[in-house]
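Engineer: This is the structure, below, for whatever I ask next.
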Amino acid sequence: MIKKNFLRNTGTFLVFGGPSIFAFIAVIVIPFFVGMYLTFTNWDVRSADTAFIGLANYIEVFQDKVFLGQLWFTLKYVFFTVLIANGFAFFIALLLTSGGRGEQWLRTGFFTPNLIGGIVLGYLWQTLFSQVLPYMGQKYGWSLFQTSWLTSTNTAFWALVIATAWQLIGYLMIIYIAGFSGVPTDVLEAASIDGASRKATIQKVILPLTIPAIVICVFISLSRSFLTYDINLALTKGGPFASTELATYHIVQKAFLSNQYGVGQAEAVVLFAVVAIIALTQSYLLKRLEVES
Amino acid sequence: MDTHRRGSTVKNILLYLLLLVFLTPFLMIIMNSFKTTQQFVENPLSFPKNLKFENYVSAYHNMDFLSSFLNSMIITVVSVLLILFFSAMTGYLFVRFNWKINAIIFFAMLASMALPFQVIMIPLVMLYGNMDLLDMKTTLFFMYLGFGVPFGVFTFHGFIKGVPFELEESAFIEGSSRLRTFFQIVLPLLKPVFVTLMVLDVLWIWNDYLLPSLVLLSPSQKTLPLSTYNFFSSYAVDFAPLMAGLIMTIIPVLILYLFLQKHIIKGITEGALK
Amino acid sequence: MKKFKGIRWTAMLCLVLVISMLTACSAGNTSSTSNSQQEGGESSQAAKNVKLTFFNTSAEVNTVFEDLFKKYHELNPNVTIELIPTPIGGAQIQKFQSLLASGNPATIANLDAGTILQYKDKFLDLEPEKAKYEELTKEGAVEGALLEGKFLGIPWSAQGYGLLYNKRVVEEVIGGPFDPSTIQTRDALEDLFKKIEAAGKAPVMVHGADWSLGAHYLGLTYSLQSESVDENRKFVDSLMDGSVTLADNPQFNGLIDTFDLLKKYNARKNDPLVADYNKDSADFAKGDAAFYFMGDWTWAVIGTLENRDEEFGLIPVPISNNPEDFGNTQVAYSQPKLFAIDDSGSSAEQQEAAKAFLEWLVTSQEGQEAIVSQMGLALPYKDVKVTSTNVISNAVEQYVDQGKVINIGVINYLPQDYWSMTGASMQKYLSDIIDRNALAGEVQAYWIDQARK
């Protein structure tokens, strides 16, 4: 009986999970472990012989002050990007689920930035920040835009945040809309009959019921902004003077331009650990919130 | 009632203003796709003097548009359908069966979403290159399945959890099998998630540059994002044809999005999630 | 009822999918096996159809190369060449490495000489071809392409850089014909700058990108130490072991003194790091700035502009007030890109076909037409049948013909990231974030750090 049950369960597992789990393992898990293995060696595409060198690459990572600095810079960038993108997405989605006219066009409009890919998007914003805004700033005397935002560390940071958030907002908005639509209309009606204010409705009714959407959105925006590469490459190229290199950008430079593949790979593993811990912790915390409410 | 209406008018005006700011970069693309690169560099804000489609023609030839378009289309359609279908099944498996192995794999998938692609890039091309599997669309479908499954499973998992088990129970009592129950009862309920996920996955794959550039080596396999690279040079970008090429790349997904968006709303208003 | 329709639809879709997946798989497999059989058959039948791949890092001329491949295929129907386009910046090397790692290296690679040196074990030693190319090329071209004494890459273009000038603007200011040889000292340059400024024009354009500042400007420090590349390499070694202090080096100080001058008269003074290459080049070509620290490659942008000036030339960057000092009458000159042939995964037939194609490329009318006219590059070969329209590279050629050049070959031996790392320090100096001592300190720290590796 147990055996029969086991067979049936294995069958269910293979039918429902087989293809996707197989692809997941073959494409992500195995290369990941091979990659992990490489961090303990001095592998280099140029040389044939590879030797095991233990933790030397990791020791190098924690001595690389530049990398640790960039990691901190990345954390700040992620914090603001996630906050701004989710804030805007949440409220735009809220305004766009009340059934007004033209909603569909507005939704499409806010989503369009996602139709173009990272590098091109970065170039577009680069032109905007380094040409268009200073052009207008000088013409109309706006002091904020007199010089390009990309030539000082502080403003280049915000340029990165804005460009990333700009694209993320539409993406997250879709998920929030899907989440809000799951809120049964009779609950909302009941709330409005009870005379609950708009603010109270959001706080007491909509927010708790949309926690799954919030969990997904925060998780996506966290991992996407942690792994930003394209926009960084095209928008600031890490400049001015290498002060806006996000962690992934630094890793690529290290592994491929500076020819320290092992160290770059080890830095990527460290980054992975940081992102995984933060992303999973936040999901866990938010999910507990969901259970409690 | 009056205040309510006035409130919604204010709200709409605000929204449209926000949208205008939001879309400025796009208006710039459209405007500048009719100008020469020189005119663009001199003044990105000037209006085109006349509606010339030269950039579009040159972008069309330069990008080998038709063949790139077909490649992108095939790769996107097949990969997305594979991801949607198999993630839905796996998401269901993870929700309905509380096995340890499922929890472990689900956790691994979640964690993998935080993985920088650079960690697996070189091992990936090494492994598949040594097995002589590169330069084939099939390999790319398979890789997209692998990369797309974690997010797909994650999303379906969240929504299937909200589907009450009682719905399926009655089907089981009638003697329906797991697979059949899944297709007959669960899948139809997932339509809005399906459509949402489809839009997100289509955009990702349609615009993806890195993975196809690693897998597809011969020029006849080039996708649209790979073709737009014809406009990038070592020091500068040839903006005018790039923008025209960009618009031609965007239009198909824009149409798809407009078409599917109705379905998102329809699926939701029909109360599929109740 | 409606529900059922949905199910049937989904089920059918799945079925179609699985089938298409399976057929795609099997189709893929059969095609790949038949391919390999074909290849096996071919090699036994002595070079029938050969397929070559071409990795190109000069992305701006991708289409010119593709047209050449088509032409060559018409002339030699058994040879097909495919272009592997590359992305930008550091991503180029990323792609190159991934091709190597996957065992699919490009047969021919157009790479920076320094990159070829880094991967020297992967490329074919072209020693047997050396004598032939020494015969074909201008004097010193093969010599300049040697990497650690080995002939690994075939030279095909030469570039020079210095202070470009817009002839019309300069002549309007001085009120007569401009003789570039009058500017051989820093003071002479400053006098001219003052006149230009007094005339209400911006004297000089400094492009604020790290490659321009780090590789081209600061890079002169290493090349100006002596006329011998070997001596210059020793200088870099002594920077690494700390036996030479950069801050005390006369060439470095001379260069930075001149840089201070350029900074003072910079057209982009208000926001020096914007570094929009299209715009900077266009503004110079239209006379908004009289001088421009750049090289003849910028013709790719200038050449096609409308309403630009016609005549341009270049002068060396003076590093002192003694006209006799090395560098004050010489312009920097190099062969930045070389064609290398893969020796890590290519067959002998492919290598032979690659050699034949490359020879055709640099000697045939079509090839020269493409390199000289379409790409606007200087071809360092003796028998060039095409005249160039690139007036800047023609100006460079005059220096070359008089032997007044700085061999910047030392940069081929520098680590690949030197320009981005030291370029960042130069950017800080340009925007007054650090002073000269800090600049020297940062650059030297980079070299000492390299010695550790």
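Numbering starts fresh at 1 for the residues of each chain in the structure tokens, the chains themselves are lettered A, B, ... in the order given, and ligands are numbered from 1 as they appear.
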Can you check which residues of chain B have any atom within 6 Å of chain A? Use only C-alpha atoms and format it as a PyMOL selection string.
Structural biologist: chain B and resi 86+89-90+111+114-116+119-120+123-124+143+146+207+250
Engineer: Would you kindly report the residues of chain C within 8 Å of chain A, using only C-alpha atoms, as a compact mmCIF listing (two decimals) with N, CA and C atoms, in the first residue's frame?
Structural biologist:
# COMPACT_ATOMS: atom_id res chain seq x y z
N GLY C 90 33.18 46.82 -21.86
CA GLY C 90 33.68 45.62 -21.23
C GLY C 90 32.93 44.38 -21.69
N ALA C 91 31.69 44.57 -22.18
CA ALA C 91 30.89 43.44 -22.61
C ALA C 91 31.50 42.74 -23.82
N ILE C 93 34.70 41.91 -24.23
CA ILE C 93 35.61 40.87 -23.76
C ILE C 93 34.82 39.74 -23.12
N GLN C 94 33.72 40.10 -22.47
CA GLN C 94 32.83 39.11 -21.88
C GLN C 94 32.37 38.13 -22.95
N GLN C 97 35.28 35.98 -24.25
CA GLN C 97 35.60 34.90 -23.32
C GLN C 97 34.56 33.79 -23.37
N LEU C 100 35.20 31.58 -26.26
CA LEU C 100 36.33 30.70 -25.99
C LEU C 100 35.92 29.58 -25.03
N ALA C 101 35.21 29.97 -23.96
CA ALA C 101 34.84 28.99 -22.94
C ALA C 101 33.89 27.94 -23.50
N GLN C 118 47.02 39.26 -24.35
CA GLN C 118 46.46 38.57 -23.18
C GLN C 118 46.09 37.13 -23.50
N TYR C 119 45.64 36.90 -24.72
CA TYR C 119 45.17 35.56 -25.10
C TYR C 119 46.13 34.93 -26.09
N ASP C 121 48.12 32.55 -26.27
CA ASP C 121 48.17 31.10 -26.50
C ASP C 121 47.02 30.60 -27.37
N LYS C 122 46.01 31.44 -27.54
CA LYS C 122 44.84 31.00 -28.29
C LYS C 122 44.96 31.35 -29.77
N ASP C 210 36.58 58.47 -19.93
CA ASP C 210 37.75 57.85 -19.31
C ASP C 210 38.75 57.32 -20.35
N ASN C 270 32.30 74.23 -17.85
CA ASN C 270 31.21 74.25 -16.88
C ASN C 270 30.79 72.87 -16.42
N ASP C 271 30.93 71.90 -17.29
CA ASP C 271 30.47 70.56 -16.96
C ASP C 271 31.37 69.58 -17.71
N PRO C 272 32.63 69.43 -17.24
CA PRO C 272 33.65 68.80 -18.08
C PRO C 272 33.44 67.30 -18.33
N LEU C 273 32.60 66.64 -17.54
CA LEU C 273 32.54 65.18 -17.68
C LEU C 273 31.36 64.69 -18.53
N VAL C 274 30.63 65.59 -19.17
CA VAL C 274 29.47 65.14 -19.94
C VAL C 274 29.88 64.14 -21.02
N ASP C 276 29.88 63.75 -24.39
CA ASP C 276 29.03 63.24 -25.47
C ASP C 276 29.85 63.29 -26.75
N PRO C 415 47.89 46.27 -18.40
CA PRO C 415 46.68 45.49 -18.09
C PRO C 415 45.47 46.09 -18.79
N GLN C 416 44.47 45.25 -19.06
CA GLN C 416 43.36 45.73 -19.87
C GLN C 416 42.50 46.79 -19.20
N ASP C 417 42.58 46.88 -17.89
CA ASP C 417 41.70 47.85 -17.24
C ASP C 417 42.42 49.15 -16.91
N MET C 421 40.63 52.52 -15.01
CA MET C 421 40.99 52.84 -13.63
C MET C 421 41.71 54.18 -13.53
N GLY C 423 41.77 56.41 -15.89
CA GLY C 423 40.89 57.41 -16.50
C GLY C 423 39.96 58.00 -15.45
N ALA C 424 39.52 57.18 -14.49
CA ALA C 424 38.65 57.68 -13.43
C ALA C 424 39.40 58.72 -12.61
N SER C 425 40.69 58.48 -12.34
CA SER C 425 41.47 59.47 -11.58
C SER C 425 41.62 60.76 -12.39
N MET C 426 41.82 60.63 -13.69
CA MET C 426 41.94 61.82 -14.53
C MET C 426 40.63 62.61 -14.52
N GLN C 427 39.50 61.89 -14.50
CA GLN C 427 38.21 62.58 -14.45
C GLN C 427 38.08 63.39 -13.16
N LYS C 428 38.54 62.80 -12.07
CA LYS C 428 38.49 63.54 -10.81
C LYS C 428 39.35 64.79 -10.89
Engineer: Quick one: pull the distance between atom CA of Ala353 of chain C and atom CA of Val64 of chain C, Å, one decimal.
Structural biologist: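 A separation of 19.9 Å between them.
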Engineer: Residues of chain B no more than 9 Å from chain C, counting only C-alpha atoms: send them over as a ChimeraX atom specification.
Structural biologist: /B:37-38,41-42,62,78,81-82,85,121-130,132-134,136-139,141,183-185,187-188,213-214,217-219,226-227,229-238
Engineer: For Phe90 of chain A, which of A:Thr210, A:Thr236, A:Gln70, A:Thr155 is the closest residue, counting only C-alpha atoms?
Structural biologist: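 Closest to Phe90 of chain A of all the choices is A:Thr210.
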Engineer: Give me, as an MDAnalysis selection string, the residues of segment 272-383 of chain C that a backbone DSSP run labels alpha helix (DSSP H).
Structural biologist: chainID C and resid 277:285 299:302 348:363 365:368
Engineer: Tell me, in Å to one decimal, how far atom CA of Phe291 of chain C is from atom CA of Pro250 of chain C.
Structural biologist: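 Value for the atom CA of Phe291 of chain C-atom CA of Pro250 of chain C distance: 24.7 Å.
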Engineer: Residues near Ile411 of chain C, anyone? I mean within 8 Å using only C-alpha atoms, not counting same-chain ones fewer than 5 positions away, as a tab-separated table (two decimals) with C-alpha atoms, in the first residue's frame.
Structural biologist:
chain	number	residue	atom	x	y	z
C	114	GLY	CA	46.74	44.32	-25.99
C	219	GLY	CA	48.80	57.09	-21.53
C	222	TYR	CA	54.35	55.87	-20.53
C	223	SER	CA	55.13	56.39	-24.22
Engineer: For Thr36 of chain B, find every residue with an atom within 8 Å (counting only C-alpha atoms), except residues of its own chain fewer than 4 positions away, and show them as a tab-separated table (two decimals) with C-alpha atoms, in the first residue's frame.
Structural biologist:
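Saved the output as result-v3.tsv:
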chain	number	residue	atom	x	y	z
B	32	ASN	CA	13.72	61.82	-33.33
B	40	PHE	CA	19.19	64.87	-32.94
B	55	ASN	CA	15.55	56.02	-40.96
B	240	ALA	CA	18.41	58.13	-35.77
Engineer: When you look at Phe154 of chain B with a cut-off of 8 Å (counting only C-alpha atoms), what residues show up, excluding the ones that are within fewer than 3 positions of it in the same chain? I need them as a ChimeraX atom specification.
Structural biologist: /B:91,106,109-110,150-151,157-158
Engineer: Neighbouring residues of Asn78 of chain C were defined as those with any atom within 7 Å, considering only C-alpha atoms; residues of the same chain fewer than 4 positions away were excluded. Please report them as a PyMOL selection string.
Structural biologist: chain C and resi 48-50
Engineer: Within 9 Å of segment 231-236 of chain C, counting only C-alpha atoms, which residues show up once you throw out same-chain ones fewer than 5 positions away? Write them as a list in words, please.
Structural biologist: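 Returned residues: Tyr222, Ser223, Leu224, Gln225, Ser226, Asp241, Val244, Gly409, Val410, Ile411, Tyr413, Leu414 and Trp447 of chain C.
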Engineer: Measure the distance from atom CA of Met173 of chain A to atom CA of Leu94 of chain A in Å and round it to one decimal.
Structural biologist: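 Atom CA of Met173 of chain A sits 8.8 Å away from atom CA of Leu94 of chain A.
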